[in-house]
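Chemist: Attaching a single structure in structure tokens format; questions to follow.
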Amino acid sequence: MKDTIAVLTSGGDGPGMNAAVRAVVRTAIGIGYDIIGVRRGYEGLINGWFEELDIRSVGNTLNRGGTFIQTARSKRFKTEEGRRVAYEHMASRGINKLIVIGGDGSFRGLNDIILENGIQGIGVPGTIDNDLYGTEYTIGYDTALNTAVECIDKIRDTATSHDRLFIIEVMGRHSGYLAMYTGISSGAEGVFIPESKDEYPYILQKLQEGKKKGKKSFIVIVAEGDELGGGFAIKDLLQRDLGESWDIRVSILGHLQRGGAPSAMDRVVASRLGYEAVMAMDRGMSGIMVGYTCMNECVNYVPLAETWEKKKTISDTTIDMFNKLSS
Ligand code: ADP
């Protein structure tokens, strides 16, 4: 038997985290490791909330939203003392390997405990915000995007019936990624994101021109981290500048975006990254995040003939992943 790996989910939850835990557990067991689930993120590491996981304990989790080992935010883990207590609990169970599914905050904590205690640690990007450098895709993002778009399609119906402007605030913390792609997918008239500081006059003008052209409904997306404030702050600005004749409503999608069964894409990404995290650990890697690449903004220019002359293959790694995860 090889060493014991601990796995935890940390920070904000997102659909697909269960699929990632399942992939970590089944891959680890498949290549001979023992695997321990840590309840409630770093808080669980500090308190020794460990439970042994086996192949069956992750059955029927792939399709479930949330995270069955739960997550938490831990103030104590931000201190060296907290991390030392966490390490002592790990050491007492013979654990020197840790896989953390979370966002950049979680990765800072992981990096600290690696450097301070010499453990081996790997991060798996799990956040609906898709705000991490180094991966084109984070676990939970696709489901959250689809949830937001589904809600906005419904809001569009009522907006059109009443000639209304709807301002819809979406999550994303300091990033406008979720907001921008929600805007693209829902055909919004404007998107306010923290990455862009001068969109207000442009969006204002676009709304006014749209009205003149006879547009019946308007959707404006606001990233929660926009520097002008959230949905209500932007409503006040637009009401002031568009005038009282505009019927403006605000909808905050909020935690709705975190829930629900993961989309097929999130299940695939989570399975892939959970699998790759264990394989990377087995190769001795540490202090890294496994990133998912080649999705957004990847455009290929392909000679037409290649589309039938060349064969799209399924890699041996993908087949190995499937075999391990389907155990
Ligand atoms: P996310 O991982 O989704 O970015 P948070 O920022 O809330 O979520 O971080 C999750 C947890 O990671 C925190 O509750 C804390 O325990 C740990 N953490 C966050 N930032 C740091 C930091 N700078 N140093 C050490 N640990 C951190």
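Chain labels follow the order of the structure tokens: the first chain is A, the next B, and so on; residue numbering restarts at 1 in every chain, and ligands are counted from 1 in their shown order.
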So which residues are near ligand 1, meaning at most 9 Å away with only C-alpha atoms and all ligand atoms counted, given back as a PyMOL selection string?
Modeler: chain A and resi 9-13+41-43+71-80+83+101-113+125-129
Chemist: Generate the output file for the selected residues, N, CA and C atoms, as a CSV table (one decimal), in the first residue's frame.
Modeler:
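Here's the written file again.csv:
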```csv
chain,number,residue,atom,x,y,z
A,9,THR,N,-12.6,20.1,0.2
A,9,THR,CA,-13.1,21.2,-0.6
A,9,THR,C,-13.2,22.4,0.2
A,10,SER,N,-12.8,23.6,-0.3
A,10,SER,CA,-12.6,24.7,0.5
A,10,SER,C,-13.1,26.0,-0.2
A,11,GLY,N,-13.5,27.0,0.6
A,11,GLY,CA,-14.0,28.2,0.1
A,11,GLY,C,-15.5,28.1,-0.4
A,12,GLY,N,-15.8,28.8,-1.5
A,12,GLY,CA,-17.2,28.8,-2.0
A,12,GLY,C,-17.4,27.5,-2.7
A,13,ASP,N,-18.6,26.9,-2.5
A,13,ASP,CA,-19.0,25.7,-3.1
A,13,ASP,C,-19.4,25.9,-4.6
A,41,GLY,N,-13.5,21.6,4.8
A,41,GLY,CA,-12.3,22.3,4.4
A,41,GLY,C,-11.2,22.4,5.4
A,42,TYR,N,-10.6,23.5,5.5
A,42,TYR,CA,-9.4,23.6,6.4
A,42,TYR,C,-9.9,23.6,7.8
A,43,GLU,N,-11.1,24.0,8.1
A,43,GLU,CA,-11.6,23.9,9.5
A,43,GLU,C,-11.6,22.4,9.9
A,71,THR,N,-17.8,22.3,2.8
A,71,THR,CA,-16.8,23.2,2.7
A,71,THR,C,-16.9,24.3,3.8
A,72,ALA,N,-15.9,25.1,3.9
A,72,ALA,CA,-16.0,26.2,4.9
A,72,ALA,C,-14.9,27.2,4.7
A,73,ARG,N,-15.1,28.3,5.3
A,73,ARG,CA,-14.0,29.3,5.3
A,73,ARG,C,-13.4,29.3,6.7
A,74,SER,N,-12.1,29.2,6.8
A,74,SER,CA,-11.4,29.0,8.1
A,74,SER,C,-10.5,30.2,8.4
A,75,LYS,N,-10.8,31.0,9.4
A,75,LYS,CA,-9.9,32.1,9.8
A,75,LYS,C,-8.6,31.5,10.4
A,76,ARG,N,-8.8,30.5,11.2
A,76,ARG,CA,-7.6,29.9,11.9
A,76,ARG,C,-6.6,29.4,10.9
A,77,PHE,N,-7.0,28.9,9.7
A,77,PHE,CA,-6.0,28.4,8.8
A,77,PHE,C,-5.2,29.5,8.2
A,78,LYS,N,-5.6,30.7,8.3
A,78,LYS,CA,-4.8,31.8,7.8
A,78,LYS,C,-3.6,32.1,8.7
A,79,THR,N,-3.6,31.5,9.9
A,79,THR,CA,-2.5,31.7,10.8
A,79,THR,C,-1.5,30.5,10.8
A,80,GLU,N,-0.3,30.8,11.1
A,80,GLU,CA,0.7,29.7,11.1
A,80,GLU,C,0.4,28.7,12.1
A,83,ARG,N,-2.3,26.4,10.9
A,83,ARG,CA,-1.8,25.4,10.0
A,83,ARG,C,-1.0,24.4,10.6
A,101,ILE,N,-9.6,21.2,-3.4
A,101,ILE,CA,-10.5,21.7,-4.4
A,101,ILE,C,-11.0,23.0,-4.0
A,102,GLY,N,-10.7,24.1,-4.7
A,102,GLY,CA,-11.1,25.4,-4.2
A,102,GLY,C,-10.6,26.5,-5.2
A,103,GLY,N,-10.6,27.7,-4.7
A,103,GLY,CA,-10.2,28.9,-5.4
A,103,GLY,C,-8.8,29.4,-5.0
A,104,ASP,N,-8.5,30.6,-5.4
A,104,ASP,CA,-7.1,31.1,-5.1
A,104,ASP,C,-6.8,31.3,-3.6
A,105,GLY,N,-7.9,31.6,-2.8
A,105,GLY,CA,-7.7,31.7,-1.4
A,105,GLY,C,-7.3,30.4,-0.8
A,106,SER,N,-7.9,29.3,-1.2
A,106,SER,CA,-7.6,28.0,-0.8
A,106,SER,C,-6.2,27.6,-1.2
A,107,PHE,N,-5.8,28.0,-2.4
A,107,PHE,CA,-4.5,27.7,-2.9
A,107,PHE,C,-3.4,28.4,-2.1
A,108,ARG,N,-3.7,29.6,-1.6
A,108,ARG,CA,-2.7,30.3,-0.8
A,108,ARG,C,-2.5,29.5,0.5
A,109,GLY,N,-3.6,29.1,1.1
A,109,GLY,CA,-3.4,28.3,2.3
A,109,GLY,C,-2.7,27.0,2.1
A,110,LEU,N,-3.0,26.4,0.9
A,110,LEU,CA,-2.3,25.1,0.6
A,110,LEU,C,-0.8,25.3,0.4
A,111,ASN,N,-0.5,26.4,-0.3
A,111,ASN,CA,0.9,26.7,-0.5
A,111,ASN,C,1.7,26.9,0.8
A,112,ASP,N,1.0,27.6,1.8
A,112,ASP,CA,1.6,27.9,3.1
A,112,ASP,C,1.9,26.6,3.8
A,113,ILE,N,0.9,25.7,3.8
A,113,ILE,CA,1.1,24.5,4.6
A,113,ILE,C,2.1,23.5,4.0
A,125,PRO,N,-8.8,23.4,-9.4
A,125,PRO,CA,-9.6,24.7,-9.5
A,125,PRO,C,-11.1,24.4,-9.4
A,126,GLY,N,-11.7,24.8,-8.3
A,126,GLY,CA,-13.2,24.7,-8.1
A,126,GLY,C,-13.8,26.0,-7.7
A,127,THR,N,-14.4,26.7,-8.5
A,127,THR,CA,-15.1,27.9,-8.2
A,127,THR,C,-16.0,28.3,-9.4
A,128,ILE,N,-17.2,28.8,-9.1
A,128,ILE,CA,-18.1,29.2,-10.1
A,128,ILE,C,-17.6,30.4,-10.8
A,129,ASP,N,-16.7,31.1,-10.2
A,129,ASP,CA,-16.3,32.4,-10.8
A,129,ASP,C,-15.3,32.3,-12.0
```
Chemist: Excluding same-chain residues fewer than 5 positions from range 232-246 of chain A, what lies within 8 Å of it counting only C-alpha atoms, as a PyMOL selection string?
Modeler: chain A and resi 164-165+167+204+208
Chemist: Can you pull out every residue within 9 Å of range 168-182 of chain A, counting only C-alpha atoms, but drop anything in the same chain fewer than 5 positions away, and send it as an MDAnalysis selection string?
Modeler: chainID A and resid 128:131 141 144:146 148:149 152 187:188 191:196 219:226 230:232 249:255 257
Chemist: Would you please work out which residue, of A:Tyr200, A:Trp308, A:Trp49, A:Tyr275, is nearest to Ala20 in chain A when using only C-alpha atoms?
Modeler: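 Smallest distance to Ala20 in chain A is found for A:Tyr275.
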Chemist: From a DSSP pass on the backbone, collect the residues of range 62-115 of chain A flagged as strand (DSSP E or B) and hand them back as JSON, numbers by chain.
Modeler: {"A": [95, 96, 97, 98, 99, 100, 101, 102]}
Chemist: Could the residues in this selection be written to a file with all heavy atoms, as a tab-separated table (two decimals), in the first residue's frame?
Modeler:
```
chain	number	residue	atom	x	y	z
A	95	ILE	N	-0.73	11.14	7.30
A	95	ILE	CA	-1.06	11.75	6.00
A	95	ILE	C	0.00	12.81	5.68
A	95	ILE	O	0.24	13.72	6.48
A	95	ILE	CB	-2.44	12.45	6.04
A	95	ILE	CG1	-3.53	11.48	6.51
A	95	ILE	CG2	-2.79	13.04	4.67
A	95	ILE	CD1	-4.83	12.17	6.90
A	96	ASN	N	0.60	12.70	4.50
A	96	ASN	CA	1.54	13.75	4.09
A	96	ASN	C	1.24	14.25	2.67
A	96	ASN	O	2.08	14.86	2.03
A	96	ASN	CB	2.99	13.29	4.20
A	96	ASN	CG	3.30	12.20	3.19
A	96	ASN	OD1	2.38	11.60	2.61
A	96	ASN	ND2	4.57	11.94	2.96
A	97	LYS	N	0.02	13.94	2.21
A	97	LYS	CA	-0.38	14.36	0.87
A	97	LYS	C	-1.78	14.97	0.94
A	97	LYS	O	-2.67	14.40	1.56
A	97	LYS	CB	-0.39	13.15	-0.09
A	97	LYS	CG	0.97	12.56	-0.36
A	97	LYS	CD	0.86	11.34	-1.25
A	97	LYS	CE	2.20	11.00	-1.91
A	97	LYS	NZ	3.34	10.96	-0.99
A	98	LEU	N	-1.93	16.13	0.28
A	98	LEU	CA	-3.21	16.84	0.39
A	98	LEU	C	-3.65	17.38	-0.96
A	98	LEU	O	-2.88	18.06	-1.65
A	98	LEU	CB	-3.04	18.01	1.39
A	98	LEU	CG	-4.26	18.90	1.63
A	98	LEU	CD1	-5.42	18.11	2.24
A	98	LEU	CD2	-3.87	20.06	2.58
A	99	ILE	N	-4.89	17.08	-1.33
A	99	ILE	CA	-5.48	17.63	-2.56
A	99	ILE	C	-6.61	18.57	-2.14
A	99	ILE	O	-7.51	18.17	-1.39
A	99	ILE	CB	-5.98	16.52	-3.50
A	99	ILE	CG1	-4.77	15.72	-4.02
A	99	ILE	CG2	-6.80	17.10	-4.66
A	99	ILE	CD1	-5.10	14.59	-4.97
A	100	VAL	N	-6.53	19.81	-2.61
A	100	VAL	CA	-7.51	20.83	-2.22
A	100	VAL	C	-8.28	21.29	-3.45
A	100	VAL	O	-7.69	21.73	-4.45
A	100	VAL	CB	-6.79	22.04	-1.57
A	100	VAL	CG1	-7.76	23.19	-1.36
A	100	VAL	CG2	-6.18	21.62	-0.23
A	101	ILE	N	-9.60	21.19	-3.36
A	101	ILE	CA	-10.46	21.66	-4.45
A	101	ILE	C	-11.04	22.99	-3.99
A	101	ILE	O	-11.77	23.06	-3.00
A	101	ILE	CB	-11.59	20.63	-4.71
A	101	ILE	CG1	-10.97	19.27	-5.05
A	101	ILE	CG2	-12.52	21.12	-5.85
A	101	ILE	CD1	-11.91	18.09	-4.86
A	102	GLY	N	-10.67	24.08	-4.68
A	102	GLY	CA	-11.12	25.40	-4.25
A	102	GLY	C	-10.59	26.49	-5.16
A	102	GLY	O	-10.15	26.21	-6.28
```
Chemist: Mind pulling up the distance from CA of Ile288 in chain A to CA of Gly82 in chain A?
Modeler: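 Spanning CA of Gly82 in chain A to CA of Ile288 in chain A is a straight-line distance of 22.0 Å.
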Chemist: Would you kindly return, as a PyMOL selection string, each protein, DNA or RNA residue with an atom no farther than 6 Å from any atom of range 261-273 of chain A, considering only C-alpha atoms and excluding same-chain residues fewer than 2 positions away?
Modeler: chain A and resi 15-16+19-20+23+63-65+139-140+143+275-277
Chemist: Find, counting only C-alpha atoms, the residue in A:Gly30, A:Gly44, A:Gly14, A:Gly121 that gets nearest to Gly284 in chain A.
Modeler: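 For Gly284 in chain A, the nearest of the given residues is A:Gly121.
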Chemist: Please run DSSP on the backbone and report, as a compact mmCIF listing (two decimals) with all heavy atoms, in the first residue's frame, all residues within range 3-57 of chain A that come out as alpha helix (DSSP H).
Modeler:
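Output file result32.txt follows:
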```txt
# COMPACT_ATOMS: atom_id res chain seq x y z
N MET A 17 -18.06 19.80 -7.57
CA MET A 17 -17.03 19.46 -6.57
C MET A 17 -17.13 17.98 -6.18
O MET A 17 -16.11 17.33 -5.96
CB MET A 17 -17.18 20.36 -5.35
CG MET A 17 -16.63 21.76 -5.59
SD MET A 17 -16.65 22.76 -4.09
CE MET A 17 -15.43 24.03 -4.50
N ASN A 18 -18.36 17.46 -6.10
CA ASN A 18 -18.50 16.03 -5.78
C ASN A 18 -17.86 15.15 -6.85
O ASN A 18 -17.24 14.14 -6.54
CB ASN A 18 -19.98 15.65 -5.67
CG ASN A 18 -20.61 16.18 -4.39
OD1 ASN A 18 -19.94 16.28 -3.37
ND2 ASN A 18 -21.88 16.55 -4.47
N ALA A 19 -18.04 15.57 -8.08
CA ALA A 19 -17.46 14.79 -9.18
C ALA A 19 -15.94 14.79 -9.08
O ALA A 19 -15.28 13.80 -9.39
CB ALA A 19 -17.91 15.37 -10.53
N ALA A 20 -15.38 15.92 -8.62
CA ALA A 20 -13.93 15.99 -8.46
C ALA A 20 -13.46 15.10 -7.31
O ALA A 20 -12.46 14.37 -7.44
CB ALA A 20 -13.50 17.43 -8.23
N VAL A 21 -14.20 15.13 -6.20
CA VAL A 21 -13.83 14.27 -5.05
C VAL A 21 -13.91 12.80 -5.49
O VAL A 21 -13.01 12.00 -5.21
CB VAL A 21 -14.77 14.54 -3.84
CG1 VAL A 21 -14.52 13.51 -2.73
CG2 VAL A 21 -14.57 15.96 -3.32
N ARG A 22 -14.97 12.47 -6.19
CA ARG A 22 -15.14 11.08 -6.67
C ARG A 22 -13.95 10.66 -7.54
O ARG A 22 -13.41 9.55 -7.38
CB ARG A 22 -16.43 11.00 -7.47
CG ARG A 22 -16.65 9.71 -8.25
CD ARG A 22 -17.94 9.82 -9.04
NE ARG A 22 -18.22 8.68 -9.89
CZ ARG A 22 -17.83 8.55 -11.15
NH1 ARG A 22 -17.07 9.50 -11.69
NH2 ARG A 22 -18.16 7.49 -11.86
N ALA A 23 -13.54 11.56 -8.42
CA ALA A 23 -12.42 11.23 -9.31
C ALA A 23 -11.13 11.06 -8.51
O ALA A 23 -10.34 10.14 -8.78
CB ALA A 23 -12.26 12.33 -10.36
N VAL A 24 -10.92 11.92 -7.53
CA VAL A 24 -9.71 11.81 -6.70
C VAL A 24 -9.73 10.47 -5.96
O VAL A 24 -8.74 9.73 -5.96
CB VAL A 24 -9.64 13.00 -5.69
CG1 VAL A 24 -8.59 12.72 -4.61
CG2 VAL A 24 -9.32 14.30 -6.41
N VAL A 25 -10.87 10.15 -5.34
CA VAL A 25 -10.97 8.93 -4.53
C VAL A 25 -10.74 7.69 -5.40
O VAL A 25 -9.92 6.82 -5.08
CB VAL A 25 -12.36 8.86 -3.84
CG1 VAL A 25 -12.60 7.49 -3.21
CG2 VAL A 25 -12.48 9.96 -2.78
N ARG A 26 -11.42 7.63 -6.51
CA ARG A 26 -11.34 6.39 -7.32
C ARG A 26 -9.98 6.26 -8.01
O ARG A 26 -9.47 5.14 -8.15
CB ARG A 26 -12.50 6.36 -8.32
CG ARG A 26 -13.81 6.15 -7.58
CD ARG A 26 -14.95 5.73 -8.44
NE ARG A 26 -16.08 5.35 -7.59
CZ ARG A 26 -17.29 5.12 -8.03
NH1 ARG A 26 -17.56 5.20 -9.32
NH2 ARG A 26 -18.25 4.78 -7.20
N THR A 27 -9.41 7.37 -8.41
CA THR A 27 -8.08 7.28 -9.03
C THR A 27 -7.06 6.88 -7.98
O THR A 27 -6.21 6.01 -8.22
CB THR A 27 -7.68 8.64 -9.66
OG1 THR A 27 -8.72 9.05 -10.54
CG2 THR A 27 -6.38 8.52 -10.43
N ALA A 28 -7.14 7.52 -6.81
CA ALA A 28 -6.16 7.22 -5.76
C ALA A 28 -6.22 5.75 -5.36
O ALA A 28 -5.19 5.07 -5.31
CB ALA A 28 -6.42 8.11 -4.54
N ILE A 29 -7.43 5.26 -5.13
CA ILE A 29 -7.57 3.85 -4.73
C ILE A 29 -7.11 2.94 -5.88
O ILE A 29 -6.43 1.94 -5.68
CB ILE A 29 -9.02 3.54 -4.31
CG1 ILE A 29 -9.31 4.29 -2.99
CG2 ILE A 29 -9.26 2.04 -4.15
CD1 ILE A 29 -10.76 4.26 -2.55
N GLY A 30 -7.45 3.37 -7.10
CA GLY A 30 -7.08 2.58 -8.29
C GLY A 30 -5.58 2.38 -8.43
O GLY A 30 -5.14 1.38 -9.00
N GLY A 41 -13.53 21.55 4.80
CA GLY A 41 -12.34 22.28 4.37
C GLY A 41 -11.25 22.36 5.42
O GLY A 41 -11.01 21.41 6.18
N TYR A 42 -10.57 23.51 5.46
CA TYR A 42 -9.43 23.65 6.38
C TYR A 42 -9.88 23.61 7.84
O TYR A 42 -9.10 23.26 8.72
CB TYR A 42 -8.69 24.96 6.09
CG TYR A 42 -7.95 24.95 4.76
CD1 TYR A 42 -8.03 26.04 3.89
CD2 TYR A 42 -7.15 23.87 4.40
CE1 TYR A 42 -7.34 26.04 2.69
CE2 TYR A 42 -6.46 23.86 3.19
CZ TYR A 42 -6.56 24.96 2.34
OH TYR A 42 -5.87 24.95 1.15
N GLU A 43 -11.12 23.98 8.12
CA GLU A 43 -11.64 23.89 9.49
C GLU A 43 -11.57 22.43 9.94
O GLU A 43 -11.20 22.14 11.07
CB GLU A 43 -13.09 24.35 9.51
CG GLU A 43 -13.53 25.54 10.33
CD GLU A 43 -12.59 26.12 11.37
OE1 GLU A 43 -11.63 26.81 10.97
OE2 GLU A 43 -12.82 25.92 12.56
N GLY A 44 -11.91 21.54 9.03
CA GLY A 44 -11.88 20.10 9.33
C GLY A 44 -10.46 19.60 9.52
O GLY A 44 -10.21 18.70 10.33
N LEU A 45 -9.53 20.19 8.79
CA LEU A 45 -8.13 19.78 8.93
C LEU A 45 -7.62 20.19 10.31
O LEU A 45 -6.90 19.45 10.98
CB LEU A 45 -7.31 20.49 7.83
CG LEU A 45 -6.10 19.77 7.24
CD1 LEU A 45 -6.43 18.37 6.78
CD2 LEU A 45 -5.52 20.58 6.08
N ILE A 46 -8.03 21.37 10.76
CA ILE A 46 -7.61 21.87 12.08
C ILE A 46 -8.25 21.07 13.21
O ILE A 46 -7.66 20.88 14.27
CB ILE A 46 -7.96 23.38 12.21
CG1 ILE A 46 -7.05 24.19 11.29
CG2 ILE A 46 -7.85 23.85 13.65
CD1 ILE A 46 -7.39 25.67 11.22
N ASN A 47 -9.46 20.56 12.96
CA ASN A 47 -10.18 19.83 14.01
C ASN A 47 -10.09 18.31 13.88
O ASN A 47 -10.66 17.58 14.69
CB ASN A 47 -11.65 20.25 14.01
CG ASN A 47 -11.83 21.66 14.53
OD1 ASN A 47 -11.69 21.90 15.72
ND2 ASN A 47 -12.10 22.60 13.64
```
Chemist: Hey, can you check how far CA of Thr307 in chain A sits from CA of Met321 in chain A?
Modeler: 26.5 Å
Chemist: Compile the contact shell of Glu51 in chain A as a ChimeraX atom specification: residues with an atom at most 12 Å away, counting only C-alpha atoms, same-chain residues fewer than 2 positions apart removed.
Modeler: /A:5-8,34-40,44-45,48-49,53-54,57,68-69,93
Chemist: Do you have the CA of Leu228 in chain A-CA of Leu132 in chain A distance handy?
Modeler: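 These two atoms are separated by 22.8 Å.
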Chemist: Between A:Arg258, A:Lys324, A:Arg84, A:Lys215, which residue has the minimum interatomic distance to Asp142 in chain A, considering only C-alpha atoms?
Modeler: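 Checking each candidate against Asp142 in chain A, we get A:Arg258 as the closest.
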Chemist: Given only C-alpha atoms as the basis, pick out the residue of A:Gly66, A:Ile114, A:Asp316, A:His89 nearest to Gly260 in chain A.
Modeler: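 Going through A:Gly66, A:Ile114, A:Asp316, A:His89 one by one, the smallest distance to Gly260 in chain A is for A:Gly66.
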